[in-house]
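Just below is one structure, and these are the notes that go with it.
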Amino acid sequence: MNFLKKFQPSIETLKQLDAYSKPIEDFRVKTVSGGTASILCWLVIAILLSKRVYEFAFNTETVEMIVVDTSSGSKLQINIDIVVPAVSCDYLALDAMDSSGEQHLHIEHSIFKRRLDLAGNPIEDPKKEEKLGTHKSQNDTAIALPKCGSCYGAENPERNITCCNTCEDVKKAYELKRWSLVEIDKVEQCRSTQDAEKVARALKEGCQIYGYLEVNRVGGSFHVAPGQSFSVNHVHVHDVQPFSSSAFNTSHIIRHLSFGKTKLAGVNPLDNSRSIATEGAVMYQYYIKIVPTKRFHKDGMVLYSNQFSVTKHSKVVSPGSGDSGMPGIFFSYELSALMVKISDKVIPWSHFLNDCCSCIGGVFIVFMLLDSFFYRSVVLWKKMEIGKAH
């Protein structure tokens, strides 16, 4: 007891600092409205706290910022999955070019073609393209050929082209002359059963082209267009013989298109898009702006990918339409000099505790004010009934 008396002055001083003074129990008035308000108050606090705890534990907020792209990657991976429902795989070529217009001849790729019927059902297993933009001829030994076949006027002794023993020889001779081989069915070297089958099913099948290709990390273009592609004096052309370009329906479905080895969810605007050609042969052009993106996760993992925006344009290129060009699906892309960094927002524990305290205190004060207002209103009403209100 004597020990406690020594600290009595300090205890009395501490009492003066009490910010939570307590009224005497006899002066407290408990009401039904107060009890109801208390239940509602703690119920709202419990709901809000549960929601805040869930957001803190499971929801991921992100912060985006733009910086100059200083990455030094030399290659860009293009992931494609395109379906052309009305052109066979034999008459579709995929080509890629860089910004200088030079064709990529030896690029790393894993492109497959799958034959489809007109209803979109697979006909056979997909086949990998050995070389982009080219189709190997399979008719070299299909029929008995003379020792020195005719080039049908396209002989060129200066280039040592005097004999054309295969269909490819005839086509190449015509390419060098920059002539159009109009009546291919009259060329003896091209009258093989396999060529006839390809021509017969050209417009009676569809094709799915999918996979990826790696190109130089500079602006460029790639396209899917009918015909065998080749270059003559640095001019890129497509041979669609024995058809005309206007015979091909370039309606298509872009099931997937993305850039980069890592795919970000929800940032590929062309996925599952459809384009239907309703009049003649149509040239579809997609202008793409690629923005490099770096994604930082909470666990420290960093992903490199790309986002892109796209503008689409189409025009009819059939004879008589007045527009030049060739039917097909053309993609032109440019890389932005800026990079987007996406980081997971980390909320400190101090912020979380501060939010919880603010929630409890704020809700408690609001309900206390509501209960006080209701209680005083009831008291005033009773005084008015007995005529004691001032």
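Each chain in the structure tokens gets a letter, A, B and so on, in the order shown; residues start at 1 in every chain, and ligands are counted from 1 in the order they appear.
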
Residue neighbourhood region 360-367 of chain A, 8 Å, only C-alpha atoms, exclusion window fewer than 4 positions, as a VMD selection string: chain A and resid 37 to 38 41 to 42 44 to 45 356 371

Just the selected residues (C-alpha atoms), exported as a CSV table (one decimal), in the first residue's frame, please.
```
chain,number,residue,atom,x,y,z
A,37,ALA,CA,-27.8,1.3,-34.5
A,38,SER,CA,-25.0,-0.7,-32.7
A,41,CYS,CA,-22.8,-0.4,-37.1
A,42,TRP,CA,-20.8,-3.6,-36.3
A,44,VAL,CA,-21.3,-2.6,-41.7
A,45,ILE,CA,-17.8,-2.6,-40.1
A,356,CYS,CA,-8.9,-0.7,-41.1
A,371,ASP,CA,-28.4,7.5,-33.1
```

Residue contacts of Leu270 (chain A) (9 Å, only C-alpha atoms) excluding same-chain residues fewer than 6 positions away, as a count of residues only: 6

Quick one: residues within 12 Å of Arg201 (chain A), only C-alpha atoms counted, chain neighbours fewer than 5 positions away excluded, as a compact mmCIF listing (two decimals) with all heavy atoms, in the first residue's frame?
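Once written, around-v5.txt looks like this:
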```txt
# COMPACT_ATOMS: atom_id res chain seq x y z
N ALA A 86 -11.90 -19.85 -97.98
CA ALA A 86 -12.27 -20.12 -99.37
C ALA A 86 -11.10 -20.20 -100.32
O ALA A 86 -11.29 -20.12 -101.54
CB ALA A 86 -13.26 -19.05 -99.85
N VAL A 87 -9.87 -20.35 -99.82
CA VAL A 87 -8.69 -20.50 -100.67
C VAL A 87 -7.88 -21.68 -100.13
O VAL A 87 -7.62 -21.76 -98.93
CB VAL A 87 -7.83 -19.22 -100.71
CG1 VAL A 87 -6.64 -19.42 -101.65
CG2 VAL A 87 -8.66 -18.02 -101.15
N SER A 88 -7.47 -22.58 -101.01
CA SER A 88 -6.73 -23.77 -100.56
C SER A 88 -5.30 -23.39 -100.14
O SER A 88 -4.76 -22.36 -100.54
CB SER A 88 -6.69 -24.81 -101.68
OG SER A 88 -5.84 -24.37 -102.73
N CYS A 89 -4.71 -24.28 -99.38
CA CYS A 89 -3.35 -24.03 -98.90
C CYS A 89 -2.34 -23.99 -100.04
O CYS A 89 -1.31 -23.32 -99.95
CB CYS A 89 -2.95 -25.13 -97.90
SG CYS A 89 -3.84 -25.05 -96.32
N ASP A 90 -2.63 -24.72 -101.14
CA ASP A 90 -1.70 -24.73 -102.28
C ASP A 90 -1.58 -23.36 -102.92
O ASP A 90 -0.58 -23.06 -103.57
CB ASP A 90 -2.17 -25.75 -103.33
CG ASP A 90 -2.15 -27.16 -102.79
OD1 ASP A 90 -1.19 -27.50 -102.08
OD2 ASP A 90 -3.09 -27.93 -103.08
N TYR A 91 -2.60 -22.53 -102.76
CA TYR A 91 -2.61 -21.22 -103.42
C TYR A 91 -2.50 -20.08 -102.42
O TYR A 91 -2.88 -18.95 -102.71
CB TYR A 91 -3.89 -21.06 -104.26
CG TYR A 91 -3.74 -21.58 -105.66
CD1 TYR A 91 -3.90 -22.93 -105.93
CD2 TYR A 91 -3.39 -20.75 -106.71
CE1 TYR A 91 -3.75 -23.43 -107.22
CE2 TYR A 91 -3.23 -21.22 -108.00
CZ TYR A 91 -3.41 -22.58 -108.24
OH TYR A 91 -3.25 -23.06 -109.52
N ARG A 115 -5.14 -28.05 -94.19
CA ARG A 115 -6.23 -28.01 -95.17
C ARG A 115 -7.58 -28.13 -94.46
O ARG A 115 -7.74 -28.94 -93.55
CB ARG A 115 -6.07 -29.14 -96.18
CG ARG A 115 -4.87 -29.00 -97.10
CD ARG A 115 -4.70 -30.24 -97.96
NE ARG A 115 -5.90 -30.52 -98.75
CZ ARG A 115 -6.17 -31.69 -99.33
NH1 ARG A 115 -5.31 -32.70 -99.19
NH2 ARG A 115 -7.26 -31.85 -100.03
N LEU A 116 -8.52 -27.32 -94.90
CA LEU A 116 -9.87 -27.31 -94.34
C LEU A 116 -10.88 -27.45 -95.46
O LEU A 116 -10.63 -27.02 -96.60
CB LEU A 116 -10.15 -26.00 -93.58
CG LEU A 116 -9.15 -25.57 -92.49
CD1 LEU A 116 -9.51 -24.18 -91.99
CD2 LEU A 116 -9.13 -26.55 -91.34
N ASP A 117 -12.04 -28.04 -95.15
CA ASP A 117 -13.13 -28.00 -96.13
C ASP A 117 -13.85 -26.66 -96.02
O ASP A 117 -13.52 -25.83 -95.15
CB ASP A 117 -14.09 -29.18 -95.95
CG ASP A 117 -14.73 -29.21 -94.56
OD1 ASP A 117 -14.82 -28.14 -93.92
OD2 ASP A 117 -15.16 -30.30 -94.12
N LEU A 118 -14.84 -26.44 -96.88
CA LEU A 118 -15.52 -25.15 -96.89
C LEU A 118 -16.32 -24.90 -95.62
O LEU A 118 -16.70 -23.75 -95.35
CB LEU A 118 -16.44 -25.06 -98.12
CG LEU A 118 -15.71 -25.03 -99.47
CD1 LEU A 118 -16.71 -24.96 -100.61
CD2 LEU A 118 -14.74 -23.84 -99.54
N GLN A 194 -1.07 -34.06 -110.37
CA GLN A 194 -1.02 -33.30 -109.13
C GLN A 194 -1.33 -31.84 -109.37
O GLN A 194 -2.03 -31.19 -108.59
CB GLN A 194 0.37 -33.46 -108.50
CG GLN A 194 0.62 -34.88 -108.01
CD GLN A 194 2.05 -35.09 -107.59
OE1 GLN A 194 2.94 -34.38 -108.03
NE2 GLN A 194 2.27 -36.09 -106.74
N ASP A 195 -0.83 -31.25 -110.44
CA ASP A 195 -1.16 -29.86 -110.76
C ASP A 195 -2.64 -29.71 -111.02
O ASP A 195 -3.27 -28.74 -110.60
CB ASP A 195 -0.38 -29.40 -112.00
CG ASP A 195 1.01 -28.91 -111.63
OD1 ASP A 195 1.23 -28.62 -110.44
OD2 ASP A 195 1.87 -28.82 -112.52
N ALA A 196 -3.22 -30.68 -111.72
CA ALA A 196 -4.65 -30.62 -112.01
C ALA A 196 -5.46 -30.68 -110.72
O ALA A 196 -6.48 -29.98 -110.57
CB ALA A 196 -5.04 -31.76 -112.94
N GLY A 206 -10.48 -24.55 -97.79
CA GLY A 206 -9.97 -23.46 -96.99
C GLY A 206 -8.61 -23.81 -96.42
O GLY A 206 -8.10 -24.92 -96.64
N CYS A 207 -8.02 -22.89 -95.68
CA CYS A 207 -6.68 -23.14 -95.14
C CYS A 207 -6.50 -22.41 -93.82
O CYS A 207 -6.94 -21.26 -93.67
CB CYS A 207 -5.62 -22.69 -96.15
SG CYS A 207 -3.92 -23.07 -95.65
```

Coordinates-based distance that separates CA of Ala202 (chain A) from CA of Val187 (chain A) (Å, one decimal):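 CA of Ala202 (chain A) lies 18.9 Å from CA of Val187 (chain A).
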
For Gln208 (chain A): contacts at 7 Å, only C-alpha atoms, fewer than 4 positions along chain excluded, given as JSON, numbers by chain: {"A": [82, 83, 84, 113, 114, 115]}

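You can rank A:Ser314, A:Tyr286, A:Ser350, A:Arg217 by their closest distance to Ser71 (chain A) using only C-alpha atoms, and at the top of that list sits A:Arg217.
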
Atomic separation - CA of Gly325 (chain A) relative to CA of Ala281 (chain A), Å: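 Result for CA of Ala281 (chain A) versus CA of Gly325 (chain A): 10.1 Å, one decimal.
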
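Checking A:Phe222, A:Phe243, A:Phe352, A:Phe330 one by one against Ala96 (chain A), counting only C-alpha atoms, you find the shortest gap at A:Phe222.
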
Shell around Gly328 (chain A) at 6 Å using only C-alpha atoms, local window under 6 positions removed, as a ChimeraX atom specification: /A:224-225,250,283

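Using only C-alpha atoms, the smallest distance between any of A:Lys198, A:Gly260, A:Asp344, A:Val267 and Asn59 (chain A) comes from A:Asp344.
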